[in-house]
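This is start_26.txt (compact mmCIF, C-alpha atoms).
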```txt
# COMPACT_ATOMS: atom_id res chain seq x y z
CA MET A 1 0.00 0.00 0.00
CA THR A 2 2.84 2.41 0.75
CA SER A 3 5.29 1.50 -2.01
CA ARG A 4 3.29 3.09 -4.82
CA GLY A 5 2.84 6.34 -2.85
CA ALA A 6 6.47 6.44 -1.73
CA ALA A 7 7.67 5.88 -5.28
CA ALA A 8 5.45 8.70 -6.50
CA LYS A 9 7.13 11.10 -4.10
CA ARG A 10 10.63 10.29 -5.30
CA VAL A 11 11.82 12.65 -7.99
CA ARG A 12 14.94 11.76 -9.92
CA LYS A 13 16.82 14.98 -10.50
CA ALA A 14 18.82 15.66 -13.61
CA PRO A 15 22.57 15.11 -13.04
CA ALA A 16 23.42 18.80 -13.49
CA GLU A 17 20.69 19.83 -11.07
CA ARG A 18 21.75 17.27 -8.47
CA ARG A 19 25.40 18.28 -8.77
CA GLN A 20 24.52 21.95 -8.34
CA GLU A 21 22.43 21.10 -5.29
CA ILE A 22 25.35 19.22 -3.73
CA VAL A 23 27.78 22.09 -4.35
CA ALA A 24 25.35 24.72 -3.01
CA THR A 25 24.74 22.68 0.14
CA ALA A 26 28.47 22.17 0.66
CA ALA A 27 29.01 25.91 0.20
CA GLN A 28 26.52 26.68 2.98
CA VAL A 29 28.24 24.23 5.32
CA GLY A 30 31.61 25.78 4.50
CA LEU A 31 30.36 29.34 5.01
CA ILE A 32 28.74 28.69 8.35
CA GLU A 33 30.95 26.03 9.90
CA GLY A 34 34.19 25.96 7.92
CA LEU A 35 35.54 23.99 4.99
CA GLU A 36 36.83 21.25 7.28
CA CYS A 37 33.19 20.34 7.91
CA VAL A 38 32.51 19.78 4.21
CA THR A 39 32.54 15.98 3.95
CA LEU A 40 30.60 13.61 1.73
CA ARG A 41 28.66 12.29 4.73
CA ARG A 42 27.86 15.74 6.11
CA VAL A 43 26.56 17.03 2.79
CA ALA A 44 24.57 13.82 2.28
CA ASP A 45 22.99 14.25 5.71
CA GLU A 46 22.02 17.82 4.88
CA LEU A 47 20.36 16.66 1.66
CA GLY A 48 18.78 13.55 3.16
CA VAL A 49 20.53 11.20 0.73
CA GLN A 50 23.11 8.44 0.98
CA PRO A 51 26.82 9.43 1.02
CA GLY A 52 27.29 7.22 -2.02
CA LEU A 53 25.17 9.60 -4.08
CA VAL A 54 27.40 12.54 -3.18
CA GLY A 55 30.44 10.35 -3.82
CA HIS A 56 29.12 9.53 -7.27
CA TYR A 57 29.49 13.20 -8.23
CA PHE A 58 32.56 13.88 -6.10
CA PRO A 59 34.67 10.73 -5.59
CA ALA A 60 37.34 12.94 -3.96
CA ALA A 61 36.12 15.18 -1.14
CA ASP A 62 38.83 17.76 -1.91
CA HIS A 63 37.10 18.56 -5.20
CA LEU A 64 33.81 19.16 -3.40
CA VAL A 65 35.53 21.43 -0.86
CA ALA A 66 37.16 23.44 -3.65
CA GLU A 67 33.94 23.85 -5.60
CA ALA A 68 32.03 24.74 -2.43
CA PHE A 69 34.51 27.55 -1.75
CA ALA A 70 34.29 28.84 -5.33
CA HIS A 71 30.48 28.70 -5.30
CA ALA A 72 30.20 30.65 -2.03
CA THR A 73 32.73 33.34 -2.92
CA LEU A 74 31.40 33.82 -6.45
CA ALA A 75 27.85 34.17 -5.13
CA GLU A 76 29.07 36.80 -2.68
CA LEU A 77 30.95 38.66 -5.40
CA ASP A 78 27.87 38.66 -7.64
CA GLY A 79 25.89 40.16 -4.77
CA LEU A 80 28.50 42.82 -4.03
CA LEU A 81 29.47 43.76 -7.59
CA PRO A 82 26.83 42.47 -10.03
CA GLU A 83 28.21 42.13 -13.54
CA ARG A 84 24.99 43.53 -14.97
CA ASP A 85 25.83 46.87 -13.32
CA LEU A 86 29.36 46.85 -14.72
CA ASP A 87 28.30 45.93 -18.23
CA ALA A 88 26.08 49.00 -18.53
CA GLY A 89 27.61 51.63 -20.77
CA ASP A 90 26.67 54.35 -18.30
CA ALA A 91 27.78 52.45 -15.18
CA ASP A 92 28.17 54.87 -12.24
CA ALA A 93 31.45 53.67 -10.75
CA VAL A 94 31.17 56.00 -7.75
CA ALA A 95 27.71 54.68 -6.84
CA ILE A 96 28.84 51.07 -7.35
CA PHE A 97 31.82 51.54 -5.04
CA ARG A 98 29.74 53.36 -2.43
CA SER A 99 27.39 50.39 -2.26
CA PHE A 100 30.25 47.89 -2.30
CA PHE A 101 32.20 49.47 0.55
CA GLY A 102 29.06 49.85 2.64
CA LEU A 103 28.28 46.14 2.24
CA ILE A 104 31.74 44.80 3.05
CA ALA A 105 31.98 47.01 6.14
CA SER A 106 28.96 45.31 7.70
CA SER A 107 29.08 42.25 9.95
CA GLU A 108 27.16 40.34 7.29
CA PHE A 109 30.45 40.08 5.37
CA ASP A 110 32.16 38.29 8.29
CA ASN A 111 31.29 34.74 7.20
CA VAL A 112 32.83 35.33 3.78
CA SER A 113 35.93 36.80 5.41
CA ARG A 114 36.20 33.68 7.57
CA LEU A 115 35.79 31.49 4.51
CA TRP A 116 38.64 33.24 2.71
CA LEU A 117 40.94 32.86 5.73
CA ASN A 118 39.96 29.22 6.06
CA ALA A 119 40.52 28.48 2.37
CA ARG A 120 43.88 30.22 2.17
CA HIS A 121 45.13 28.23 5.16
CA LEU A 122 43.89 24.88 3.82
CA SER A 123 45.14 25.62 0.31
CA ARG A 124 48.70 25.13 1.56
CA TYR A 125 47.94 21.42 1.79
CA ARG A 126 45.23 20.93 -0.85
CA PRO A 127 46.34 21.60 -4.43
CA VAL A 128 42.83 21.57 -5.91
CA LEU A 129 41.62 24.12 -3.38
CA HIS A 130 44.74 26.21 -4.03
CA GLU A 131 43.83 26.44 -7.73
CA HIS A 132 40.30 27.59 -6.89
CA VAL A 133 41.52 30.17 -4.36
CA VAL A 134 43.91 31.70 -6.90
CA ALA A 135 41.18 31.74 -9.55
CA GLN A 136 38.74 33.48 -7.22
CA GLU A 137 41.34 36.03 -6.11
CA LEU A 138 41.96 36.95 -9.73
CA LEU A 139 38.24 37.04 -10.47
CA TRP A 140 37.59 39.44 -7.57
CA CYS A 141 40.47 41.62 -8.73
CA ARG A 142 39.15 41.69 -12.29
CA ARG A 143 35.66 42.64 -11.11
CA LEU A 144 37.12 45.52 -9.08
CA GLU A 145 39.28 46.45 -12.08
CA GLN A 146 36.13 46.78 -14.18
CA VAL A 147 34.69 49.33 -11.75
CA VAL A 148 37.94 51.31 -11.66
CA ALA A 149 38.19 51.26 -15.45
CA ALA A 150 34.59 52.46 -15.78
CA GLY A 151 35.34 55.34 -13.43
CA VAL A 152 38.48 56.27 -15.33
CA ALA A 153 36.60 56.17 -18.65
CA SER A 154 33.93 58.51 -17.31
CA GLY A 155 36.50 60.91 -15.91
CA ARG A 156 35.48 60.30 -12.28
CA PHE A 157 38.72 58.53 -11.30
CA THR A 158 42.24 59.64 -12.14
CA ASN A 159 44.11 56.36 -11.64
CA THR A 160 45.53 55.08 -14.92
CA ASP A 161 46.47 51.57 -13.75
CA ALA A 162 43.12 49.95 -12.99
CA TRP A 163 44.61 46.52 -12.26
CA ALA A 164 47.10 47.87 -9.72
CA ALA A 165 44.41 49.91 -7.98
CA ALA A 166 42.06 46.91 -7.86
CA THR A 167 44.81 44.72 -6.42
CA ARG A 168 45.66 47.20 -3.67
CA ILE A 169 41.98 47.66 -2.78
CA LEU A 170 41.54 43.90 -2.49
CA VAL A 171 44.66 43.63 -0.32
CA ALA A 172 43.16 46.30 1.96
CA ILE A 173 39.95 44.27 2.19
CA ASP A 174 41.90 41.13 3.08
CA GLY A 175 43.98 43.02 5.63
CA THR A 176 40.99 44.41 7.49
CA SER A 177 39.43 40.92 7.49
CA ALA A 178 42.47 39.23 9.02
CA TYR A 179 41.19 39.49 12.59
CA VAL A 180 37.64 38.34 11.93
CA ASN A 181 38.15 35.15 13.94
CA THR A 182 39.73 36.87 16.95
CA SER A 183 39.60 40.53 17.92
CA VAL A 184 37.28 41.93 15.27
CA GLU A 185 34.96 43.56 17.80
CA HIS A 186 37.89 45.57 19.19
CA ARG A 187 38.99 46.64 15.73
CA ARG A 188 35.81 47.11 13.72
CA ALA A 189 35.29 50.78 14.62
CA PRO A 190 38.89 51.99 14.03
CA ILE A 191 39.14 50.26 10.64
CA ALA A 192 35.53 50.64 9.49
CA ASP A 193 36.44 53.18 6.80
CA MET A 194 39.95 51.96 6.04
CA VAL A 195 39.20 50.17 2.75
CA ARG A 196 37.11 53.08 1.51
CA THR A 197 39.81 55.63 2.32
CA VAL A 198 42.47 53.47 0.64
CA ALA A 199 40.26 53.33 -2.47
CA GLU A 200 39.71 57.10 -2.45
CA GLY A 201 43.46 57.63 -2.39
CA GLU A 202 44.02 55.10 -5.18
CA LEU A 203 41.36 56.70 -7.37
CA GLY A 204 42.34 60.32 -6.82
CA LEU A 205 39.14 61.19 -4.97
CA PRO A 206 38.68 63.57 -2.04
CA ALA A 207 38.16 62.08 1.42
CA GLY A 208 34.61 60.94 1.92
CA ALA A 209 33.79 60.77 -1.80
CA LEU A 210 32.93 57.06 -1.54
CA ALA A 211 31.15 57.27 1.79
CA PRO A 212 27.57 55.94 1.80
CA ALA A 213 25.03 58.57 0.81
CA ASP A 214 22.97 59.93 3.73
```

Show me the file's structure as structure tokens.
Amino acid sequence: MTSRGAAAKRVRKAPAERRQEIVATAAQVGLIEGLECVTLRRVADELGVQPGLVGHYFPAADHLVAEAFAHATLAELDGLLPERDLDAGDADAVAIFRSFFGLIASSEFDNVSRLWLNARHLSRYRPVLHEHVVAQELLWCRRLEQVVAAGVASGRFTNTDAWAAATRILVAIDGTSAYVNTSVEHRRAPIADMVRTVAEGELGLPAGALAPAD
């Protein structure tokens, strides 16, 4: 009596959909608890499936960890600096940066900062993760470079080396995030505007030009 009903409830997902679901679930585990907690069994438990199903798509857990990191950081980047805003011919680089710096200064960015610290540490011992970390670092730099280049093209920014400016801005972001696991509450106020002020200097803007609008 129950087998027909139970079978009706089972939905076989397309391989691409199932794989994406596994990666997205692993990304959430990594963001909230750390990449060390991303295991085939843990992800299977979260999805309510057998570990063998996860292992079918990711025979090596290191590949799942690496893709989970990339998925989480790319999703965050797309939320902070949407490509659709940068592709617009009339992109307002000042407005984009104002929004960006306001978002990364909030505590909501802390989990991503922790994930980056976690991934960079583990990448010393995990070659696949190392490749993904490097790729994401370059992707974040290129996205920032697009904003800088748009501002230079519109005459709002005076920096002529967009890549160098983007790299230094990203280094400032990483530097202010370095204490997120320890003394961040003692440091958040003094460094709250540090990344923004570094960017203003890099872009030839007056102090406060990239501060959030009132």

Suppose you want the space between CA of His63 in chain A and CA of Ala178 in chain A; what is it in Å? 25.7 Å

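Using all atoms listed in the file, the nearest neighbour of Gln136 in chain A within the list A:Tyr57, A:Tyr179, A:Phe69, A:Phe109 is A:Phe69.
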
Which residues are close to Arg124 in chain A, i.e. within 12 Å by all atoms listed in the file, leaving aside same-chain residues fewer than 6 positions away? Reply as an MDAnalysis selection string. chainID A and resid 117:118 130:131 133:134

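Among the candidates A:Glu108, A:Glu200, A:Asp62, A:Glu21, the one nearest to Leu40 in chain A when counting all atoms listed in the file is A:Asp62.
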
Select, from A:Thr182, A:Thr167, A:Ser177, A:Gln28, the residue with the minimum atom-to-atom distance to Ala70 in chain A, counting only C-alpha atoms.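 Distance minimum relative to Ala70 in chain A lands on A:Gln28.
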
Could you list, as number ranges by chain, every residue within 8 Å of Val147 in chain A, counting all atoms listed in the file and ignoring same-chain residues fewer than 3 positions away? A: 86, 93, 96-97, 143-144, 150-151

Go ahead and save the picked residues with C-alpha atoms, as a compact mmCIF listing (two decimals), in the frame of the given file.
```txt
# COMPACT_ATOMS: atom_id res chain seq x y z
CA LEU A 86 29.36 46.85 -14.72
CA ALA A 93 31.45 53.67 -10.75
CA ILE A 96 28.84 51.07 -7.35
CA PHE A 97 31.82 51.54 -5.04
CA ARG A 143 35.66 42.64 -11.11
CA LEU A 144 37.12 45.52 -9.08
CA ALA A 150 34.59 52.46 -15.78
CA GLY A 151 35.34 55.34 -13.43
```

CA of Val128 in chain A to CA of Ile104 in chain A, straight-line distance in Å: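 Between CA of Ile104 in chain A and CA of Val128 in chain A the gap works out to 27.3 Å.
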
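The space between CA of Thr39 in chain A and CA of Leu139 in chain A spans 26.2 Å.
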
With a distance cut-off of 12 Å and all atoms listed in the file, select the neighbouring residues of Glu202 in chain A, excluding the residue or stretch itself and same-chain residues fewer than 3 positions from it, and output the selection as number ranges by chain. A: 148, 151-152, 157-170, 172, 195-199, 205-207, 210

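Between Arg12 in chain A and the residues A:Cys37, A:Met194, A:Leu53, A:Val184, the shortest atom-to-atom distance, using only C-alpha atoms, involves A:Leu53.
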
Of A:Ala95, A:Leu81, A:Ile22, A:Val29, the one nearest to His56 in chain A when counting only C-alpha atoms is A:Ile22

For Ala211 in chain A, list every protein, DNA or RNA residue within 8 Å, evaluated using all atoms listed in the file, and leave out those in the same chain fewer than 2 positions away; present the list as a ChimeraX atom specification. /A:98,101-102,196,208-209,213

Is there a way to get, as a ChimeraX atom specification, all residues within 10 Å of the point (23.9, 23.2, -0.1) in file coordinates, counting only C-alpha atoms? /A:20-30,43-44,46-47,68,72

How big is the axis-aligned box, and where does its centre sit, when it encloses all atoms of range 59-77 of chain A listed in the file and has 8 Å added on every side, reported in Å to one decimal as AutoDock Vina command-line options?
```
--center_x 33.3 --center_y 24.7 --center_z -3.7 --size_x 27.0 --size_y 43.9 --size_z 21.6
```

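Proximity to Asp92 in chain A was assessed for A:Ser183, A:Ala153, A:Pro212, A:Ile191 counting all atoms listed in the file; the smallest distance is recorded for A:Ala153.
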